[in-house]
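Visitor: Pasting a structure here, questions to come.
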Amino acid sequence: MTDVPEPSLSDAFHVFDTTLRDGAQREGINLTVADKLTIARHLDDYGVGFIEGGWPGANPRDTEFFQRARAEIDFKHAQLVAFGATRKAGVRVEDDPQVTALLESGAPVVTLVAKSHVRHVELALRTTPEENLAMVRDTVAYLRAQGRRVFLDCEHFFDGYALDPAYAKEVVRTASEAGADVVVLCDTNGGMLPAQVSAVVRTVLADTGARLGIHAQDDTGCAVANTLAAVDAGATHVQCTANGYGERVGNSNLFPVVAALELKYGRRVLPPGKLAETTRISYAVFEVVNLTPSTHQPYVGVSAFAHKAGLHASAIKVDPDLYQHIDPALVGNSMRMLVSDMAGRASIELKGKELGFDLSGDRELVGRVVARVKERELAGYTYEAADASFELLLREEVEGRPRRYFEVESWRAIVEDRPDGTHANEATVKLWAKGERLVATAEGNGPVHALDRALRVALERIYPQLAGLELVDYKVRILEGRLGTGSTTRVLVSTSDGQGEWSTVGVAENVIAASWQALDDAYAYGLLRAGVEPQE
């Protein structure tokens, strides 16, 4: 049995994470053992109380995870939890190999799943309600006698309660009396609503006296609300997954649940200072599972505290709390001002301040910027998605001249269709930089890639900082669909220097011309970030 970390919080309330077990059932997620170990470290660093690592004995990957976790992770806050089922019907608990595997995992805590829906008992387990209760009683008592702490998940509890409330409550009562520390009521099908959850939890708590937890799926879009409704009704153990991962549409999302408990309920459920790590941990887990972060996720999404309308900006200029429910810094996020054709003077002033410019005393300058943004967005540009292009536009107005690092004489891109079905993409650029005429040709796997490489070939000798830039994303949108292939095209390019990313925009009737504009801005902004002065 592994050493158990000293609890950094009271045991009176549990934050229990099941990303590595239930969250891993999401379509598109396939975690290696190394992935699971990395996520476990992140979750422990965040300060959750319990990390459910998987089902040892059910598959080799989970068995290996528990072996390696014991040896490789020095848990500071969390206790590792093994998941498994109660003994099989008609089998002595001591003889059930999957129960033995739970002990061999070395996890100090075990979560058992049990049937609490009488039809599932009869149709899925093919046993009697009485034997199911004995399976619960025997397994909980046996694991307790072996020194393990036991939580019991009542699968399909709310549906089972609707069919036969007396039996569902008897499963809870049996588990508690056998020694289960917490009995978790599971909305396995995800069909409940907050008022229903609250009413059931309150009744079961009063009728059984058991300590209750909640496990909510998100099939009605109410998993977080259902989790908080259960807490309102007396549950003191919440089961969640990072970013709401889980089968079908997912589980209760760990981050908004924790943020609500700490910031709305005033209940400390993480170690001091850890709430500010919320956004970082969310994105770290997104990175491990190789999924794109949800920009509109509550609390941690990049749009969670983004403001676009001019009316909002005017109010935020007076007091940010007028249009924000919390200070985003509390969860490690930040406020963003989006510049668009909806922008007013306040939006531009606030965005300028965000970029380091005090525009409050120059109404004429702000007016020019507002007018220019509106004019260009009418033509198809979008600055809320291209902050770097907006900063270059703003600097041009503030400094009275474009921030140019090179002048373009001409460029061209050629796509050659070869007889063998392959394509050759070649680009040539002719530029002037620091008094030199530069001509370069390069090939790429597409015309835009070829242009990007030709620019590098031409400029890297004069601007070696460009060697560290990498184009990380490229998006094309047709703006006037009714014109078909003759439509106006908008291109968004995301670029990284290894320290951060920025986005730039180009618009033209020709997709390559729009791409060139975006690349031009991307290079200029990269050199600006590197502290390079523009040419005179």
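FYI, nothing fancy with the structure tokens labels: chains A, B, ... in order, residues from 1 per chain, ligands from 1 as they appear.
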Can you list, as an MDAnalysis selection string, every protein, DNA or RNA residue that comes within 12 Å of Glu64 (chain A) when you count only C-alpha atoms, leaving out same-chain residues fewer than 2 positions away?
Guide: chainID A and resid 32:34 36:37 53:62 66:72 101 104:106
Visitor: Take the residues just selected and output them with C-alpha atoms as a compact mmCIF listing (two decimals), in the first residue's frame.
Guide:
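selection.txt, written as the output of this step:
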```txt
# COMPACT_ATOMS: atom_id res chain seq x y z
CA THR A 32 -0.99 6.31 -23.16
CA VAL A 33 0.42 5.44 -19.75
CA ALA A 34 2.81 8.38 -20.12
CA LYS A 36 -1.97 9.47 -17.78
CA LEU A 37 1.07 10.04 -15.59
CA GLY A 53 -6.47 6.44 -12.21
CA GLY A 54 -8.42 3.69 -13.94
CA TRP A 55 -9.48 0.08 -13.53
CA PRO A 56 -6.49 -2.09 -12.58
CA GLY A 57 -6.83 -5.64 -13.85
CA ALA A 58 -9.34 -4.63 -16.52
CA ASN A 59 -6.62 -3.74 -19.04
CA PRO A 60 -2.81 -3.79 -19.07
CA ARG A 61 -2.52 -0.03 -19.51
CA ASP A 62 -4.34 0.79 -16.27
CA PHE A 66 -0.79 2.17 -11.04
CA GLN A 67 2.58 0.42 -10.92
CA ARG A 68 4.38 3.42 -12.39
CA ALA A 69 2.38 6.03 -10.49
CA ARG A 70 3.45 4.47 -7.19
CA ALA A 71 7.09 4.59 -8.23
CA GLU A 72 7.25 7.80 -10.26
CA ALA A 101 -6.39 -6.50 -8.61
CA GLU A 104 -2.61 -5.14 -5.79
CA SER A 105 -2.82 -1.68 -7.39
CA GLY A 106 -1.54 -0.26 -4.12
```
Visitor: So which residues touch Ala450 (chain A) within 10 Å, counting only C-alpha atoms, skipping near sequence neighbours fewer than 2 positions away, as a VMD selection string?
Guide: chain A and resid 412 to 415 424 to 428 441 to 448 452 to 456
Visitor: Produce a file of the selected residues containing N, CA and C atoms, as a compact mmCIF listing (two decimals), in the first residue's frame.
Guide:
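Output below, filename again-v3.txt:
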```
# COMPACT_ATOMS: atom_id res chain seq x y z
N ARG A 412 5.65 36.34 -56.79
CA ARG A 412 4.81 35.47 -57.60
C ARG A 412 4.87 34.05 -57.04
N ALA A 413 3.80 33.32 -57.24
CA ALA A 413 3.72 31.93 -56.82
C ALA A 413 3.21 31.10 -58.00
N ILE A 414 3.86 29.97 -58.25
CA ILE A 414 3.54 29.12 -59.39
C ILE A 414 3.19 27.73 -58.89
N VAL A 415 2.09 27.19 -59.40
CA VAL A 415 1.72 25.80 -59.12
C VAL A 415 1.77 25.04 -60.44
N ALA A 424 4.15 20.83 -58.23
CA ALA A 424 5.31 21.58 -57.75
C ALA A 424 4.86 22.99 -57.44
N ASN A 425 5.27 23.50 -56.28
CA ASN A 425 4.91 24.84 -55.84
C ASN A 425 6.18 25.65 -55.67
N GLU A 426 6.26 26.76 -56.40
CA GLU A 426 7.46 27.58 -56.37
C GLU A 426 7.07 29.04 -56.23
N ALA A 427 7.83 29.77 -55.44
CA ALA A 427 7.56 31.20 -55.24
C ALA A 427 8.86 31.99 -55.39
N THR A 428 8.72 33.18 -55.94
CA THR A 428 9.85 34.11 -56.06
C THR A 428 9.45 35.45 -55.47
N THR A 441 14.10 32.56 -54.43
CA THR A 441 13.12 31.59 -54.93
C THR A 441 13.16 30.37 -54.02
N ALA A 442 11.99 29.82 -53.74
CA ALA A 442 11.92 28.62 -52.88
C ALA A 442 10.73 27.77 -53.29
N GLU A 443 10.80 26.50 -52.94
CA GLU A 443 9.70 25.58 -53.16
C GLU A 443 9.04 25.26 -51.83
N GLY A 444 7.79 24.82 -51.91
CA GLY A 444 7.06 24.43 -50.71
C GLY A 444 6.01 23.40 -51.04
N ASN A 445 5.31 22.94 -50.00
CA ASN A 445 4.27 21.94 -50.24
C ASN A 445 2.95 22.58 -50.65
N GLY A 446 2.94 23.88 -50.82
CA GLY A 446 1.81 24.64 -51.32
C GLY A 446 2.31 26.02 -51.68
N PRO A 447 1.53 26.80 -52.41
CA PRO A 447 2.02 28.12 -52.82
C PRO A 447 2.29 29.05 -51.64
N VAL A 448 1.48 28.98 -50.58
CA VAL A 448 1.71 29.85 -49.41
C VAL A 448 2.97 29.42 -48.67
N ASP A 452 6.29 31.66 -47.99
CA ASP A 452 6.86 31.79 -46.65
C ASP A 452 8.35 31.45 -46.69
N ARG A 453 8.70 30.37 -47.37
CA ARG A 453 10.10 29.96 -47.44
C ARG A 453 10.93 30.95 -48.25
N ALA A 454 10.35 31.49 -49.33
CA ALA A 454 11.09 32.46 -50.13
C ALA A 454 11.37 33.73 -49.32
N LEU A 455 10.40 34.18 -48.54
CA LEU A 455 10.61 35.33 -47.67
C LEU A 455 11.75 35.08 -46.70
N ARG A 456 11.78 33.90 -46.13
CA ARG A 456 12.85 33.57 -45.17
C ARG A 456 14.21 33.58 -45.86
```
Visitor: Using the chain letters and numbers from this document, which residues of region 33-84 of chain A does DSSP assign to strand (DSSP E), as a list of chain:residue names?
Guide: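 Reading the DSSP output for region 33-84 of chain A, strand (DSSP E) covers A:Phe50, A:Ile51, A:Glu52, A:Gly53, A:Gly54, A:Gln79, A:Leu80, A:Val81, A:Ala82, A:Phe83, A:Gly84.
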Visitor: Restricting it to C-alpha atoms, dump the selection as a PDB file, in the first residue's frame.
Guide:
```pdb
ATOM      1  CA  PHE A  50      -8.537  12.384  -5.281  1.00  0.00           C
ATOM      2  CA  ILE A  51      -7.380  11.190  -8.709  1.00  0.00           C
ATOM      3  CA  GLU A  52      -9.122   8.117 -10.102  1.00  0.00           C
ATOM      4  CA  GLY A  53      -6.468   6.439 -12.213  1.00  0.00           C
ATOM      5  CA  GLY A  54      -8.420   3.690 -13.944  1.00  0.00           C
ATOM      6  CA  GLN A  79      -4.700  10.442  -3.138  1.00  0.00           C
ATOM      7  CA  LEU A  80      -4.672   7.887  -5.947  1.00  0.00           C
ATOM      8  CA  VAL A  81      -7.908   5.988  -6.447  1.00  0.00           C
ATOM      9  CA  ALA A  82      -8.431   2.604  -8.108  1.00  0.00           C
ATOM     10  CA  PHE A  83     -11.772   1.911  -9.756  1.00  0.00           C
ATOM     11  CA  GLY A  84     -13.484  -1.470  -9.895  1.00  0.00           C
TER      12      GLY A  84
END
```
Visitor: Extract, using only C-alpha atoms, all DNA, RNA and protein residues at most 6 Å from region 190-207 of chain A, discarding same-chain residues fewer than 5 positions from it, and format them as a list of chain:residue names.
Guide: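 So, after excluding close chain neighbours, the residues are A:Gln217, A:Asp218, A:Asp219, A:Thr220, A:Asn226, A:Ala229, A:Ala230, A:Ala233.
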Visitor: Interatomic distance between CA of Asn30 (chain A) and CA of Val289 (chain A)?
Guide: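 Spanning CA of Asn30 (chain A) to CA of Val289 (chain A) is a straight-line distance of 7.5 Å.
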Visitor: Just the residues within 9 Å of Thr19 (chain A), please, counting only C-alpha atoms, with nothing from its chain fewer than 2 positions along; format it as a CSV table (one decimal) with N, CA and C atoms, in the first residue's frame.
Guide:
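Okay, around04.csv is ready:
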```
chain,number,residue,atom,x,y,z
A,17,ASP,N,-11.4,13.8,-9.0
A,17,ASP,CA,-11.2,13.9,-10.5
A,17,ASP,C,-11.2,12.5,-11.1
A,21,ARG,N,-10.1,8.0,-15.9
A,21,ARG,CA,-10.9,6.9,-16.1
A,21,ARG,C,-12.2,7.2,-16.9
A,22,ASP,N,-13.1,8.0,-16.3
A,22,ASP,CA,-14.3,8.3,-17.1
A,22,ASP,C,-14.0,9.3,-18.2
A,23,GLY,N,-13.2,10.3,-17.9
A,23,GLY,CA,-12.9,11.3,-19.0
A,23,GLY,C,-12.2,10.7,-20.2
A,24,ALA,N,-11.4,9.6,-20.0
A,24,ALA,CA,-10.7,9.0,-21.1
A,24,ALA,C,-11.7,8.2,-22.0
A,25,GLN,N,-13.0,8.1,-21.6
A,25,GLN,CA,-13.9,7.5,-22.5
A,25,GLN,C,-14.5,8.4,-23.6
A,39,ILE,N,-0.9,13.8,-16.8
A,39,ILE,CA,-2.2,14.4,-16.4
A,39,ILE,C,-2.3,14.3,-14.9
A,40,ALA,N,-2.0,13.2,-14.3
A,40,ALA,CA,-2.0,13.0,-12.9
A,40,ALA,C,-1.2,14.0,-12.1
A,51,ILE,N,-7.6,11.4,-7.3
A,51,ILE,CA,-7.4,11.2,-8.7
A,51,ILE,C,-7.7,9.7,-9.0
A,52,GLU,N,-8.8,9.5,-9.7
A,52,GLU,CA,-9.1,8.1,-10.1
A,52,GLU,C,-8.3,7.7,-11.3
A,53,GLY,N,-7.4,6.7,-11.2
A,53,GLY,CA,-6.5,6.4,-12.2
A,53,GLY,C,-6.9,5.4,-13.2
A,240,CYS,N,-15.7,15.0,-11.0
A,240,CYS,CA,-15.6,15.8,-12.2
A,240,CYS,C,-14.5,15.3,-13.1
A,241,THR,N,-14.4,15.9,-14.3
A,241,THR,CA,-13.3,15.6,-15.2
A,241,THR,C,-12.7,16.9,-15.7
A,242,ALA,N,-11.4,17.0,-16.0
A,242,ALA,CA,-10.8,18.2,-16.6
A,242,ALA,C,-11.5,18.5,-17.9
A,243,ASN,N,-11.9,19.7,-18.1
A,243,ASN,CA,-12.5,20.2,-19.3
A,243,ASN,C,-13.8,19.5,-19.7
A,244,GLY,N,-14.4,18.8,-18.7
A,244,GLY,CA,-15.6,18.1,-19.0
A,244,GLY,C,-15.5,16.9,-19.9
A,245,TYR,N,-14.3,16.3,-20.0
A,245,TYR,CA,-14.2,15.1,-20.9
A,245,TYR,C,-15.0,14.0,-20.4
A,246,GLY,N,-15.5,13.1,-21.2
A,246,GLY,CA,-16.2,12.0,-20.9
A,246,GLY,C,-17.0,11.4,-22.0
```
Visitor: List the neighbours of region 129-133 of chain A out to 7 Å using only C-alpha atoms; skip same-chain residues closer than 6 positions along the sequence, and give me the result as a PDB file with C-alpha atoms, in the first residue's frame.
Guide:
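selection_4.pdb was written with the following content:
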```
ATOM      1  CA  ALA A  89     -22.719 -12.681  -8.165  1.00  0.00           C
ATOM      2  CA  VAL A 118     -33.336  -2.777  -9.889  1.00  0.00           C
ATOM      3  CA  VAL A 121     -29.596  -5.708 -11.351  1.00  0.00           C
ATOM      4  CA  VAL A 171     -28.203   0.215  -1.786  1.00  0.00           C
ATOM      5  CA  THR A 174     -26.101  -0.972   2.764  1.00  0.00           C
TER       6      THR A 174
END
```
Visitor: My list of candidates is A:His14, A:Lys274, A:Arg376, A:Arg137. Which is closest to Tyr46 (chain A) when distances are computed with only C-alpha atoms?
Guide: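 Looking only at the distances to Tyr46 (chain A), the closest residue turns out to be A:Lys274.
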Visitor: Select from region 327-435 of chain A every residue with an atom at most 10 Å from any atom of region 493-496 of chain A, then for each give the shortest pair of atoms and their distance in Å to one decimal, using only C-alpha atoms, rows by chain and rising number, as a tab-separated table.
Guide:
```
residue	atom	partner	partner_atom	distance
A:Ala385	CA	A:Val493	CA	9.9
A:Ala386	CA	A:Val493	CA	8.4
A:Ala388	CA	A:Ser494	CA	9.6
```
Visitor: Got time to write the residues from that selection, C-alpha atoms, as an mmCIF file, in the first residue's frame?
Guide:
```
data_model
loop_
_atom_site.group_PDB
_atom_site.id
_atom_site.type_symbol
_atom_site.label_atom_id
_atom_site.label_comp_id
_atom_site.auth_asym_id
_atom_site.auth_seq_id
_atom_site.Cartn_x
_atom_site.Cartn_y
_atom_site.Cartn_z
ATOM 1 C CA ALA A 385 -9.144 37.441 -34.378
ATOM 2 C CA ALA A 386 -5.960 39.241 -35.460
ATOM 3 C CA ALA A 388 -1.148 41.541 -34.156
#
```
Visitor: Which residues are near region 235-239 of chain A? Cut-off 6 Å, only C-alpha atoms, ignore same chain within fewer than 2 positions. Put them as a list in words.
Guide: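 Using only C-alpha atoms, the neighbours found are Phe13, His14, Val15, Phe16, Asp17, Leu212, Gly213, Ile214, His215, Ala230 and Val231 of chain A.
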Visitor: Suppose we keep N, CA, C and O atoms; can you now write the selection as an mmCIF file, in the first residue's frame?
Guide:
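Saved the output as part-v3.cif:
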```
data_model
loop_
_atom_site.group_PDB
_atom_site.id
_atom_site.type_symbol
_atom_site.label_atom_id
_atom_site.label_comp_id
_atom_site.auth_asym_id
_atom_site.auth_seq_id
_atom_site.Cartn_x
_atom_site.Cartn_y
_atom_site.Cartn_z
ATOM 1 N N PHE A 13 -14.953 18.026 2.674
ATOM 2 C CA PHE A 13 -15.461 18.190 1.307
ATOM 3 C C PHE A 13 -14.406 17.663 0.347
ATOM 4 O O PHE A 13 -13.227 17.964 0.483
ATOM 5 N N HIS A 14 -14.854 16.864 -0.640
ATOM 6 C CA HIS A 14 -13.926 16.236 -1.577
ATOM 7 C C HIS A 14 -14.094 16.782 -2.997
ATOM 8 O O HIS A 14 -15.210 16.854 -3.511
ATOM 9 N N VAL A 15 -12.964 17.101 -3.629
ATOM 10 C CA VAL A 15 -12.931 17.284 -5.086
ATOM 11 C C VAL A 15 -12.244 16.041 -5.657
ATOM 12 O O VAL A 15 -11.069 15.794 -5.395
ATOM 13 N N PHE A 16 -13.008 15.285 -6.409
ATOM 14 C CA PHE A 16 -12.594 13.974 -6.908
ATOM 15 C C PHE A 16 -12.534 14.061 -8.431
ATOM 16 O O PHE A 16 -13.535 14.371 -9.084
ATOM 17 N N ASP A 17 -11.366 13.793 -9.004
ATOM 18 C CA ASP A 17 -11.219 13.879 -10.459
ATOM 19 C C ASP A 17 -11.165 12.488 -11.077
ATOM 20 O O ASP A 17 -10.420 11.617 -10.620
ATOM 21 N N LEU A 212 -22.968 11.673 1.084
ATOM 22 C CA LEU A 212 -23.300 11.534 -0.329
ATOM 23 C C LEU A 212 -22.367 12.353 -1.210
ATOM 24 O O LEU A 212 -21.894 13.428 -0.836
ATOM 25 N N GLY A 213 -22.139 11.811 -2.410
ATOM 26 C CA GLY A 213 -21.414 12.512 -3.460
ATOM 27 C C GLY A 213 -22.267 12.554 -4.708
ATOM 28 O O GLY A 213 -23.343 11.950 -4.777
ATOM 29 N N ILE A 214 -21.780 13.259 -5.731
ATOM 30 C CA ILE A 214 -22.521 13.409 -6.977
ATOM 31 C C ILE A 214 -21.579 13.171 -8.159
ATOM 32 O O ILE A 214 -20.439 13.632 -8.162
ATOM 33 N N HIS A 215 -22.090 12.431 -9.145
ATOM 34 C CA HIS A 215 -21.377 12.189 -10.404
ATOM 35 C C HIS A 215 -22.378 12.456 -11.516
ATOM 36 O O HIS A 215 -23.336 11.696 -11.695
ATOM 37 N N ALA A 230 -26.577 19.428 -6.233
ATOM 38 C CA ALA A 230 -26.365 18.365 -5.242
ATOM 39 C C ALA A 230 -25.635 18.898 -4.020
ATOM 40 O O ALA A 230 -25.940 18.529 -2.881
ATOM 41 N N VAL A 231 -24.659 19.779 -4.242
ATOM 42 C CA VAL A 231 -23.947 20.403 -3.113
ATOM 43 C C VAL A 231 -24.919 21.230 -2.276
ATOM 44 O O VAL A 231 -24.901 21.177 -1.038
#
```
Visitor: Check the DSSP output for the backbone and give back, as a PyMOL selection string, the residues of region 283-508 of chain A in alpha helix (DSSP H).
Guide: chain A and resi 283-289+310-318+345-354+363-378+387-399+447-459
Visitor: What's around region 522-527 of chain A at 9 Å? Count only C-alpha atoms, leave out sequence neighbours fewer than 5 positions away in its own chain, and write the answer as a PyMOL selection string.
Guide: chain A and resi 388-389+391-392+403-406+463+465-466+469+471+493-497+502-505+517+532-534
Visitor: Report the distance between CA of Arg372 (chain A) and CA of Glu384 (chain A) in Å, rounded to one decimal place.
Guide: 14.2 Å
